[in-house]
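> Below is a structure I'd like to ask you about.
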Amino acid sequence: MASTSSSLTLPVLPLDDDVVLPGMVVPLDLNDADVRAAVEAAQAAARSTPGKPRVLLVPRVDGTYPGTGVLGTVEQVGRLADGDPGALIRGRERVRIGAGTTGPGAALWVEGTRIDDGVPEPLPGQVAELVKEYKALATAWLRKRGAWQVVDRVQAIDDVSQLADNSGYSPFLTTEQKVELLETADPVARLKLATQQLRDHLAEQDVAETIAKDVQEGVDKQQREFLLRRQLEAVRKELRELNGEKDGEESDDYRARVEAADLPEKVREAALKEVDKLERSSDQSPEGSWIRTWLDTVLELPWNERTEDAYDIRGAKDVLDAEHAGLQDVKERITEYLAVRKRRGDRGLGVVGGRRGGAVLALVGPPGVGKTSLGESVAHAMGRRFVRVALGGVRDEAEIRGHRRTYVGALPGRIVRAVKEAGSMNPVVLLDEIDKVGSDFRGDPAAALLEVLDPAQNHTFRDHYLEVELDLSDVVFLATANVLEAIPEALLDRMELVRLDGYTEDEKVVIARDHLLPRQLERAGLNRDEVTIDEGALRRLAGEYTREAGVRTLERSVARLLRKVAAEHELGRRELPFTITSDELRGLIGRPHHVPESAQDPAERRTAVPGVATGLAVTGAGGDVLFVEASLADPETGAAGLTLTGQLGDVMKESAQIALSFLRSHGAELELPVADLKDRGVHIHFPAGAVPKDGPSAGVTMTTALASLLSGRLVRTDVAMTGEVSLTGRVLPIGGVKQKLLAAHRAGVTTVIIPKRNEPDLDDVPAEVLDTLDVHAVTDVRQVLELALSPATDGAATEVPVAA
Ligand SMILES: Nc1ncnc2c1ncn2[C@@H]1O[C@H](COP(=O)(O)OP(=O)(O)OP(=O)(O)O)[C@@H](O)[C@H]1O
């Protein structure tokens with residue numbers, strides 16, 4: 001700023017706690033007496049001198065004045081933004097304040113000297129750097145406040161002194177700091193000071209901002225969390241109300257629950273660890289809900305619950321007797337088993353020779369013979385809880401051992417669930433249909449079961465889901481299976497087999513009378529003395545309306561009968577009490593489905609044509625009678641060779657080959673026209689083609705069917721047979737004699753041919769069945785043909801397609 005270095009006389013305009021630096025333009029309130037006096041004095045003086053009225057702007061801090069003021073010109077007098085009278089003053093240059101003097105008006109006048117602040121030109125490097133720094137800092141500060149226009153203005157100032165004085169506008173400077181700027185006459189020193197002040201302020205601001213931000217964020221998070229929790233609480237309350245629970249009923253306090261629960265120490269530790277994790281995780285996180293489900297499972301398990309065993313073996317036997325008719329040998333086996341368990345249990349911890357408990361009792365037999373209900377009776381007899389684990393169709397190892405917890409929707413395995421369901425650590429667990437356990441890419445459930453059943457391992461059973469050890473050594477495991485052969489080998493090794501082969505008609509009648517009928521009466525809502533089914537009717541139901549090894553269909557038929565009677569009574573068509581006799585059956589539930597072959601019209605019998613023989617077999621449903629059909633193809637139209645149909649297994653196919661080979665080599669001596677076999681195709685079929693069949697025991701039946709076909713002699717209707725045949729015609733022993741004889745008996749067969757070497761098996765067959773059967777034990781297939789084929793008649797011979 002140009003200066004003429006001269007002394008001046010000026011009215012003082014005191015600024016209370018404010019500083020105006022050269023270059024600044026400020027509005028001042030003329031209501032303030034000091035301001036008005038100074039402006040009026042300046043105006044009065046200006047009348048006699050050219051130029052604008054001039055004042056000396058002097059800051060007043062705590063009633064004192066600095067040694068330097070600023071010459072200001074009154075640019076305009078008018079109204080301020082708020083309507084008050086005001087003057088616009090522009091700061092011009094620094095003036096050193098001198099002695100007081102007099103002048104017009106009420107103002108205080110002083111003498112002053114202009115202070116020269118000439119600037120070195122051009123700017124030396126250092127100063128240029130300083131200017132740059134100041135501008136950068138000022139820009140940074142102005143940007144933060146969004147004062148973009150001011151940024152441009154500051155950038156445009158090149159004068160060092162002007163630039164430094166521009167700081168006078170800074171609202172963050174204290175009056176003292178501004179006075180310091182005012183008193184620093186050297187422009188470079190002043191710019192340095194201004195730069196320093198600006199830098200300090202920015203640094204302070206940074207810190208302040210960071211703190212503010214941190215504080216704000218903390219507050220935000222807390223606030224959000226608080227709000228969310230309030231919302232969550234409200235939602236939960238709403239849900240509880242929806243579910244009809246009272247407020248506060250849901251105990252979310254897992255820690256307290258774990259601490260209060262009766263858990264083994266290791267389990268408690270594991271559970272508390274999970275509680276820690278739960279408390280750290282947020283309410284909605286998926287992990288939280290996994291942990292909750294897991295904790296619920298652990299808390300629901302009956303870790304230290306045990307039921308008291310009923311150690312009265314005689315009482316146990318009574319329970320078995322009361323709940324199941326017949327089955328004497330089976331009940332005896334179970335009683336022995338219980339007695340042994342009791343004796344072992346009495347000695348210390350029940351550990352005998354390093355093994356706890358005994359082998360697993362496996363009840364094997366066709367459906368409906370009472371395997372499951374026997375298992376339940378065992379539990380009753382021992383005074384333990386009973387749980388059934390259905391294993392049919394289980395192919396996934398995780399079904400037994402549980403899914404790992406990281407799995408979505410993970411569950412504990414069936415064993416853990418069974419224990420939970422039982423509510424005690426020593427229940428009777430029935431592994432139902434253990435023969436239907438398969439294995440595939442999802443692992444081998446049988447291997448997992450092996451671990452469950454192995455007394456050496458099962459006291460530390462580890463479920464993948466539970467992850468803590470579960471002691472299964474007090475559990476009594478029982479298993480059931482339909483087919484012995486289908487039980488995985490390794491499991492079979494662990495088991496003590498008890499066979500239930502099926503019931504005789506007499507046994508069925510007793511079971512139906514003593515057990516099924518009372519139960520079904522109750523289900524039908526009938527009284528014992530309102531409806532009875534007499535023995536004749538029960539026998540007919542068992543014999544003609546059902547054909548099964550067990551009593552399941554029989555039970556259903558009884559139920560159907562009772563429903564019918566109950567409905568008729570309700571409709572007013574039948575008076576109670578009422579006794580159902582065998583004559584009544586047809587009227588109530590229609591015609592019987594199973595009439596014995598021998599009772600059929602001779603022309604309708606299966607064996608009414610040559611080439612059909614009656615065999616005996618064992619299937620998954622127990623023993624059964626099955627017919628073998630043989631035919632010869634026409635040499636003109638049929639292909640040569642052997643055709644086999646009816647879903648036969650390899651062993652059975654080979655056995656057909658053997659039958660054929662035997663006849664080819666020995667047919668002539670039996671006086672059979674075996675030449676026909678040479679170029680005519682042979683077809684053997686086993687009806688009920690949808691059921692897979694296998695085994696060598698149909699050898700005699702196939703040989704007989706072929707011999708009947710070749711000879712034209714019919715097979716006797718009342719004869720059924722079983723036995724393997726060798727190439728030389730020897731009859732070799734087979735399995736399932738009891739089941740087969742029961743089946744023959746059911747089907748009304750009277751003569752049965754079995755291999756000689758199976759004779760000892762007849763001891764297992766109930767006497768009442770043997771009484772009705774004429775059993776022939778044979779060693780050679782020639783004996784079979786002799787017994788089974790009817791004498792040749794001319795009529796029969798002419799019907800045969802092979803007649804020469
Ligand atoms: N000897 C018996 N005394 C009394 N009731 C019996 C007897 N045998 C079977 N039952 C009854 O027959 C019904 C069928 O028995 P259960 O269901 O136990 O057969 P299962 O052999 O287990 O069949 P599956 O192999 O199909 O499971 C049950 O109601 C059972 O009580």
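We name chains A, B, ... following the order of the structure tokens; residues begin at 1 in each chain, and ligands are numbered from 1 as shown.
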Using only C-alpha atoms, which residues of stretch 661-778 of chain A come within 10 Å of stretch 535-549 of chain A, and what is the closest atom pair for each, with the distance in Å to one decimal? Give it as a Markdown table, sorted by chain and residue number.

| residue | atom | partner | partner_atom | distance |
| --- | --- | --- | --- | --- |
| A:Gln739 | CA | A:Ala549 | CA | 7.9 |
| A:Leu742 | CA | A:Ala549 | CA | 7.7 |
| A:Ala743 | CA | A:Ala549 | CA | 7.4 |
| A:His745 | CA | A:Gly543 | CA | 9.6 |
| A:Arg746 | CA | A:Gly543 | CA | 6.5 |
| A:Ala747 | CA | A:Arg547 | CA | 7.8 |
| A:Gly748 | CA | A:Gly543 | CA | 8.9 |
> Write the residues you've just listed into a file as a compact mmCIF listing (two decimals), in the first residue's frame, and include N, CA and C atoms for each of them.

# COMPACT_ATOMS: atom_id res chain seq x y z
N GLN A 739 -40.54 -122.24 8.20
CA GLN A 739 -41.37 -121.26 7.51
C GLN A 739 -42.08 -121.90 6.32
N LEU A 742 -44.92 -124.11 7.52
CA LEU A 742 -46.05 -123.28 7.95
C LEU A 742 -46.84 -122.78 6.73
N ALA A 743 -46.09 -122.42 5.68
CA ALA A 743 -46.73 -121.92 4.47
C ALA A 743 -47.55 -123.02 3.81
N HIS A 745 -48.87 -125.54 5.23
CA HIS A 745 -50.02 -125.76 6.10
C HIS A 745 -51.10 -124.71 5.83
N ARG A 746 -50.68 -123.45 5.70
CA ARG A 746 -51.63 -122.38 5.41
C ARG A 746 -52.33 -122.59 4.09
N ALA A 747 -51.57 -123.11 3.10
CA ALA A 747 -52.12 -123.22 1.76
C ALA A 747 -52.97 -124.48 1.59
N GLY A 748 -53.06 -125.27 2.64
CA GLY A 748 -53.90 -126.46 2.57
C GLY A 748 -53.24 -127.64 1.88
> Neighbours of A:Val609 within 8 Å (only C-alpha atoms; same-chain residues fewer than 3 positions away dropped), as a list in words?
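Residues meeting the cut-off are Arg606, Val612 and Leu714 of chain A.
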> Please produce a file of the residues just selected, as a CSV table (one decimal), in the first residue's frame, where the atoms kept are N, CA and C atoms.

chain,number,residue,atom,x,y,z
A,606,ARG,N,-54.2,-124.8,-10.3
A,606,ARG,CA,-53.0,-124.4,-11.1
A,606,ARG,C,-52.3,-125.7,-11.7
A,612,VAL,N,-46.8,-128.0,-14.4
A,612,VAL,CA,-46.8,-127.0,-13.2
A,612,VAL,C,-46.6,-127.8,-11.9
A,714,LEU,N,-49.7,-135.2,-14.6
A,714,LEU,CA,-50.0,-134.1,-13.7
A,714,LEU,C,-49.3,-134.2,-12.4
> Considering only C-alpha atoms and all ligand atoms, can you say which of A:Glu241, A:Asp321, A:Asp18, A:Glu217 comes closest to ligand 1?
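Closest to ligand 1 of all the choices is A:Asp321.
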> Quick one: residues within 12 Å of A:Pro171, only C-alpha atoms, excluding same-chain residues fewer than 5 positions away - as a ChimeraX atom specification?
/A:18-19,141-142,145,166,177-178,197-198,201
> Residues near stretch 46-62 of chain A, anyone? I mean within 6 Å using only C-alpha atoms, not counting same-chain ones fewer than 5 positions away, as a ChimeraX atom specification.
/A:10-19,69-74
> Store the residues picked out above, limited to N, CA and C atoms, as an mmCIF file, in the first residue's frame.

data_model
loop_
_atom_site.group_PDB
_atom_site.id
_atom_site.type_symbol
_atom_site.label_atom_id
_atom_site.label_comp_id
_atom_site.auth_asym_id
_atom_site.auth_seq_id
_atom_site.Cartn_x
_atom_site.Cartn_y
_atom_site.Cartn_z
ATOM 1 N N LEU A 10 -6.492 12.424 13.636
ATOM 2 C CA LEU A 10 -7.702 11.639 13.307
ATOM 3 C C LEU A 10 -8.574 11.426 14.545
ATOM 4 N N PRO A 11 -9.924 11.364 14.345
ATOM 5 C CA PRO A 11 -10.780 11.011 15.480
ATOM 6 C C PRO A 11 -10.683 9.502 15.726
ATOM 7 N N VAL A 12 -10.615 9.139 17.005
ATOM 8 C CA VAL A 12 -10.450 7.716 17.336
ATOM 9 C C VAL A 12 -11.812 7.013 17.293
ATOM 10 N N LEU A 13 -11.825 5.878 16.566
ATOM 11 C CA LEU A 13 -13.044 5.048 16.579
ATOM 12 C C LEU A 13 -12.662 3.765 17.325
ATOM 13 N N PRO A 14 -13.043 3.687 18.638
ATOM 14 C CA PRO A 14 -12.634 2.511 19.398
ATOM 15 C C PRO A 14 -13.464 1.294 19.004
ATOM 16 N N LEU A 15 -12.798 0.152 18.846
ATOM 17 C CA LEU A 15 -13.501 -1.092 18.494
ATOM 18 C C LEU A 15 -13.429 -1.998 19.714
ATOM 19 N N ASP A 16 -14.611 -2.288 20.267
ATOM 20 C CA ASP A 16 -14.602 -3.137 21.445
ATOM 21 C C ASP A 16 -14.368 -4.582 21.051
ATOM 22 N N ASP A 17 -13.232 -5.095 21.577
ATOM 23 C CA ASP A 17 -12.891 -6.498 21.287
ATOM 24 C C ASP A 17 -12.999 -6.824 19.811
ATOM 25 N N ASP A 18 -12.551 -5.963 18.979
ATOM 26 C CA ASP A 18 -12.522 -6.254 17.545
ATOM 27 C C ASP A 18 -11.359 -5.526 16.910
ATOM 28 N N VAL A 19 -10.915 -6.036 15.821
ATOM 29 C CA VAL A 19 -9.771 -5.440 15.131
ATOM 30 C C VAL A 19 -10.122 -5.312 13.661
ATOM 31 N N GLY A 69 -2.955 1.722 15.238
ATOM 32 C CA GLY A 69 -4.336 1.701 14.798
ATOM 33 C C GLY A 69 -4.358 1.644 13.289
ATOM 34 N N VAL A 70 -5.539 1.670 12.715
ATOM 35 C CA VAL A 70 -5.644 1.605 11.264
ATOM 36 C C VAL A 70 -6.448 2.814 10.783
ATOM 37 N N LEU A 71 -5.902 3.474 9.807
ATOM 38 C CA LEU A 71 -6.630 4.580 9.201
ATOM 39 C C LEU A 71 -7.786 3.982 8.399
ATOM 40 N N GLY A 72 -9.005 4.473 8.746
ATOM 41 C CA GLY A 72 -10.147 3.960 8.024
ATOM 42 C C GLY A 72 -10.898 5.090 7.348
ATOM 43 N N THR A 73 -11.481 4.816 6.192
ATOM 44 C CA THR A 73 -12.269 5.853 5.525
ATOM 45 C C THR A 73 -13.736 5.461 5.637
ATOM 46 N N VAL A 74 -14.587 6.466 5.846
ATOM 47 C CA VAL A 74 -16.025 6.206 5.920
ATOM 48 C C VAL A 74 -16.526 6.158 4.477
#
> Smallest atom-to-atom distance to ligand 1: which of A:Val127, A:Ile511, A:Ala639, A:Leu228, using only C-alpha atoms and all ligand atoms?
A:Ile511
> Could I get the residue neighbourhood of ligand 1 at 6 Å, counting only C-alpha atoms and all ligand atoms, as a list of chain:residue names?
A:Glu323, A:His324, A:Ala325, A:Gly326, A:Leu327, A:Pro366, A:Pro367, A:Gly368, A:Val369, A:Gly370, A:Lys371, A:Thr372, A:Ser373, A:Asn482, A:Ile511, A:His515, A:Val551, A:Arg552
> Please list as JSON, numbers by chain every residue within 10 Å of A:Glu584, counting only C-alpha atoms and excluding residues in the same chain fewer than 5 positions away.
{"A": [533, 537, 561, 579, 589, 590]}
> Print the selection's residues with C-alpha atoms to a file, as a PDB file, in the first residue's frame.

ATOM      1  CA  ILE A 533     -66.069-113.275  17.103  1.00  0.00           C
ATOM      2  CA  ALA A 537     -64.930-117.274  12.429  1.00  0.00           C
ATOM      3  CA  LEU A 561     -65.407-106.699  10.848  1.00  0.00           C
ATOM      4  CA  THR A 579     -71.609-112.981  17.949  1.00  0.00           C
ATOM      5  CA  ILE A 589     -66.680-108.510   4.583  1.00  0.00           C
ATOM      6  CA  GLY A 590     -67.268-110.346   1.339  1.00  0.00           C
TER       7      GLY A 590
END
> Measuring between only C-alpha atoms, which one of A:Leu181, A:Ala339, A:Ala136, A:Val77 shows the shortest distance to A:Pro22?
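Of A:Leu181, A:Ala339, A:Ala136, A:Val77, the one nearest A:Pro22, counting only C-alpha atoms, is A:Leu181.
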> May I have the residues within 7 Å of A:Pro610 as number ranges by chain, using only C-alpha atoms and disregarding those fewer than 6 positions away in the same chain?
A: 708-709, 712-715, 800
> Figure out the distance between atom CA of A:Leu588 and atom CA of A:Gly502, please, to one decimal in Å.
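We find that atom CA of A:Gly502 and atom CA of A:Leu588 lie 27.3 Å from each other.
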> If we count only C-alpha atoms, what is near A:Asp694 at a cut-off of 7 Å, once residues fewer than 3 positions away on the same chain are taken out, given as a list of chain:residue names?
A:Leu648, A:Gly649, A:Val651, A:Met652
> Store the residues of this selection in a file with N, CA and C atoms, as a short mmCIF file (atom, residue, chain, number, x, y, z; two decimals), in the first residue's frame.

data_model
loop_
_atom_site.label_atom_id
_atom_site.label_comp_id
_atom_site.auth_asym_id
_atom_site.auth_seq_id
_atom_site.Cartn_x
_atom_site.Cartn_y
_atom_site.Cartn_z
N LEU A 648 -35.47 -114.02 -11.60
CA LEU A 648 -34.69 -115.02 -10.85
C LEU A 648 -33.25 -114.57 -10.65
N GLY A 649 -32.71 -114.90 -9.52
CA GLY A 649 -31.31 -114.59 -9.24
C GLY A 649 -30.40 -115.62 -9.91
N VAL A 651 -28.26 -117.82 -8.76
CA VAL A 651 -28.23 -119.17 -8.19
C VAL A 651 -29.43 -119.96 -8.68
N MET A 652 -30.56 -119.28 -8.77
CA MET A 652 -31.79 -119.94 -9.21
C MET A 652 -31.68 -120.32 -10.68
#
> Smallest atom-to-atom distance to A:Val131: which of A:Arg257, A:Arg414, A:Lys192, A:His683, using only C-alpha atoms?
A:Lys192
> Can you tell me how far atom CA of A:Gln457 sits from atom CA of A:Trp294, in Å to one decimal?
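Atom-to-atom, atom CA of A:Gln457 and atom CA of A:Trp294 are spaced 23.8 Å apart.
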> Between A:Leu278, A:Val179, A:Val188, A:Val408, which has the minimum distance to A:Pro124 (counting only C-alpha atoms)?
A:Val188
> Can you tell me how far atom CA of A:Asp454 sits from atom CA of A:Ser473, in Å to one decimal?
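Taking atom CA of A:Asp454 as the start and atom CA of A:Ser473 as the end point, the length is 8.8 Å.
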> Pick out the closest residue to A:Arg384 from this set: A:Lys221, A:His685, A:His569, A:Arg306. Count only C-alpha atoms.
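Of A:Lys221, A:His685, A:His569, A:Arg306, the one nearest A:Arg384, counting only C-alpha atoms, is A:Arg306.
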> Determine which residues of stretch 589-769 of chain A DSSP labels as strand (DSSP E or B) from the backbone of this structure, then write them out as a ChimeraX atom specification.
/A:612-619,622-632,642-645,648,682-685,693,715,719-721,724-725,730-732,751-755
> Let me see the file: selected residues, C-alpha atoms, as a PDB file, in the first residue's frame.

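To be explicit, this is the file written out as out.pdb:
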ATOM      1  CA  VAL A 612     -46.840-127.044 -13.228  1.00  0.00           C
ATOM      2  CA  ALA A 613     -45.393-128.010  -9.836  1.00  0.00           C
ATOM      3  CA  THR A 614     -45.885-126.570  -6.340  1.00  0.00           C
ATOM      4  CA  GLY A 615     -42.769-125.375  -4.552  1.00  0.00           C
ATOM      5  CA  LEU A 616     -42.108-123.939  -1.114  1.00  0.00           C
ATOM      6  CA  ALA A 617     -40.024-120.812  -0.661  1.00  0.00           C
ATOM      7  CA  VAL A 618     -39.072-118.209   1.887  1.00  0.00           C
ATOM      8  CA  THR A 619     -39.504-114.571   0.946  1.00  0.00           C
ATOM      9  CA  GLY A 622     -42.227-115.367   5.365  1.00  0.00           C
ATOM     10  CA  GLY A 623     -42.755-118.808   3.903  1.00  0.00           C
ATOM     11  CA  ASP A 624     -44.842-119.074   0.759  1.00  0.00           C
ATOM     12  CA  VAL A 625     -46.167-121.555  -1.747  1.00  0.00           C
ATOM     13  CA  LEU A 626     -45.120-120.883  -5.287  1.00  0.00           C
ATOM     14  CA  PHE A 627     -45.878-122.528  -8.590  1.00  0.00           C
ATOM     15  CA  VAL A 628     -43.318-123.355 -11.224  1.00  0.00           C
ATOM     16  CA  GLU A 629     -44.494-123.501 -14.829  1.00  0.00           C
ATOM     17  CA  ALA A 630     -42.614-125.158 -17.657  1.00  0.00           C
ATOM     18  CA  SER A 631     -43.353-125.269 -21.368  1.00  0.00           C
ATOM     19  CA  LEU A 632     -41.738-126.505 -24.572  1.00  0.00           C
ATOM     20  CA  LEU A 642     -33.535-122.321 -21.997  1.00  0.00           C
ATOM     21  CA  THR A 643     -35.610-119.259 -21.178  1.00  0.00           C
ATOM     22  CA  LEU A 644     -36.147-118.257 -17.551  1.00  0.00           C
ATOM     23  CA  THR A 645     -38.556-115.602 -16.339  1.00  0.00           C
ATOM     24  CA  LEU A 648     -34.692-115.019 -10.854  1.00  0.00           C
ATOM     25  CA  VAL A 682     -37.611-124.811 -22.853  1.00  0.00           C
ATOM     26  CA  HIS A 683     -39.236-122.029 -20.862  1.00  0.00           C
ATOM     27  CA  ILE A 684     -39.484-122.041 -17.062  1.00  0.00           C
ATOM     28  CA  HIS A 685     -41.485-119.342 -15.355  1.00  0.00           C
ATOM     29  CA  LYS A 693     -36.401-114.731  -6.109  1.00  0.00           C
ATOM     30  CA  VAL A 715     -48.341-133.039 -10.496  1.00  0.00           C
ATOM     31  CA  VAL A 719     -48.005-132.075  -2.860  1.00  0.00           C
ATOM     32  CA  ALA A 720     -45.538-129.275  -2.296  1.00  0.00           C
ATOM     33  CA  MET A 721     -41.767-129.611  -2.293  1.00  0.00           C
ATOM     34  CA  GLU A 724     -31.718-128.466  -4.078  1.00  0.00           C
ATOM     35  CA  VAL A 725     -30.872-130.941  -6.848  1.00  0.00           C
ATOM     36  CA  ARG A 730     -29.267-136.047  -5.272  1.00  0.00           C
ATOM     37  CA  VAL A 731     -31.525-133.880  -3.131  1.00  0.00           C
ATOM     38  CA  LEU A 732     -29.471-131.495  -0.988  1.00  0.00           C
ATOM     39  CA  THR A 751     -47.987-133.772   1.454  1.00  0.00           C
ATOM     40  CA  VAL A 752     -44.607-132.125   1.716  1.00  0.00           C
ATOM     41  CA  ILE A 753     -41.330-133.352   0.278  1.00  0.00           C
ATOM     42  CA  ILE A 754     -38.142-132.168   1.971  1.00  0.00           C
ATOM     43  CA  PRO A 755     -34.476-133.218   1.768  1.00  0.00           C
TER      44      PRO A 755
END
> Determine which residues of stretch 369-406 of chain A DSSP labels as alpha helix (DSSP H) from the backbone of this structure, then write them out as number ranges by chain.
A: 371-382, 397-401
> May I have the residues from that selection written out with C-alpha atoms, as an mmCIF file, in the first residue's frame?

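After the write, out.cif holds the following:
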data_model
loop_
_atom_site.group_PDB
_atom_site.id
_atom_site.type_symbol
_atom_site.label_atom_id
_atom_site.label_comp_id
_atom_site.auth_asym_id
_atom_site.auth_seq_id
_atom_site.Cartn_x
_atom_site.Cartn_y
_atom_site.Cartn_z
ATOM 1 C CA LYS A 371 -41.105 -108.244 16.536
ATOM 2 C CA THR A 372 -41.766 -104.605 17.287
ATOM 3 C CA SER A 373 -44.343 -105.299 19.943
ATOM 4 C CA LEU A 374 -42.019 -107.848 21.569
ATOM 5 C CA GLY A 375 -39.365 -105.170 21.779
ATOM 6 C CA GLU A 376 -41.844 -102.974 23.570
ATOM 7 C CA SER A 377 -42.646 -105.820 25.937
ATOM 8 C CA VAL A 378 -38.964 -106.241 26.734
ATOM 9 C CA ALA A 379 -38.940 -102.608 27.827
ATOM 10 C CA HIS A 380 -42.042 -103.166 29.961
ATOM 11 C CA ALA A 381 -40.530 -106.269 31.461
ATOM 12 C CA MET A 382 -37.355 -104.415 32.408
ATOM 13 C CA GLU A 397 -24.437 -92.087 7.748
ATOM 14 C CA ALA A 398 -25.460 -88.695 9.092
ATOM 15 C CA GLU A 399 -28.886 -90.144 9.899
ATOM 16 C CA ILE A 400 -27.209 -92.222 12.577
ATOM 17 C CA ARG A 401 -24.359 -90.005 13.622
#
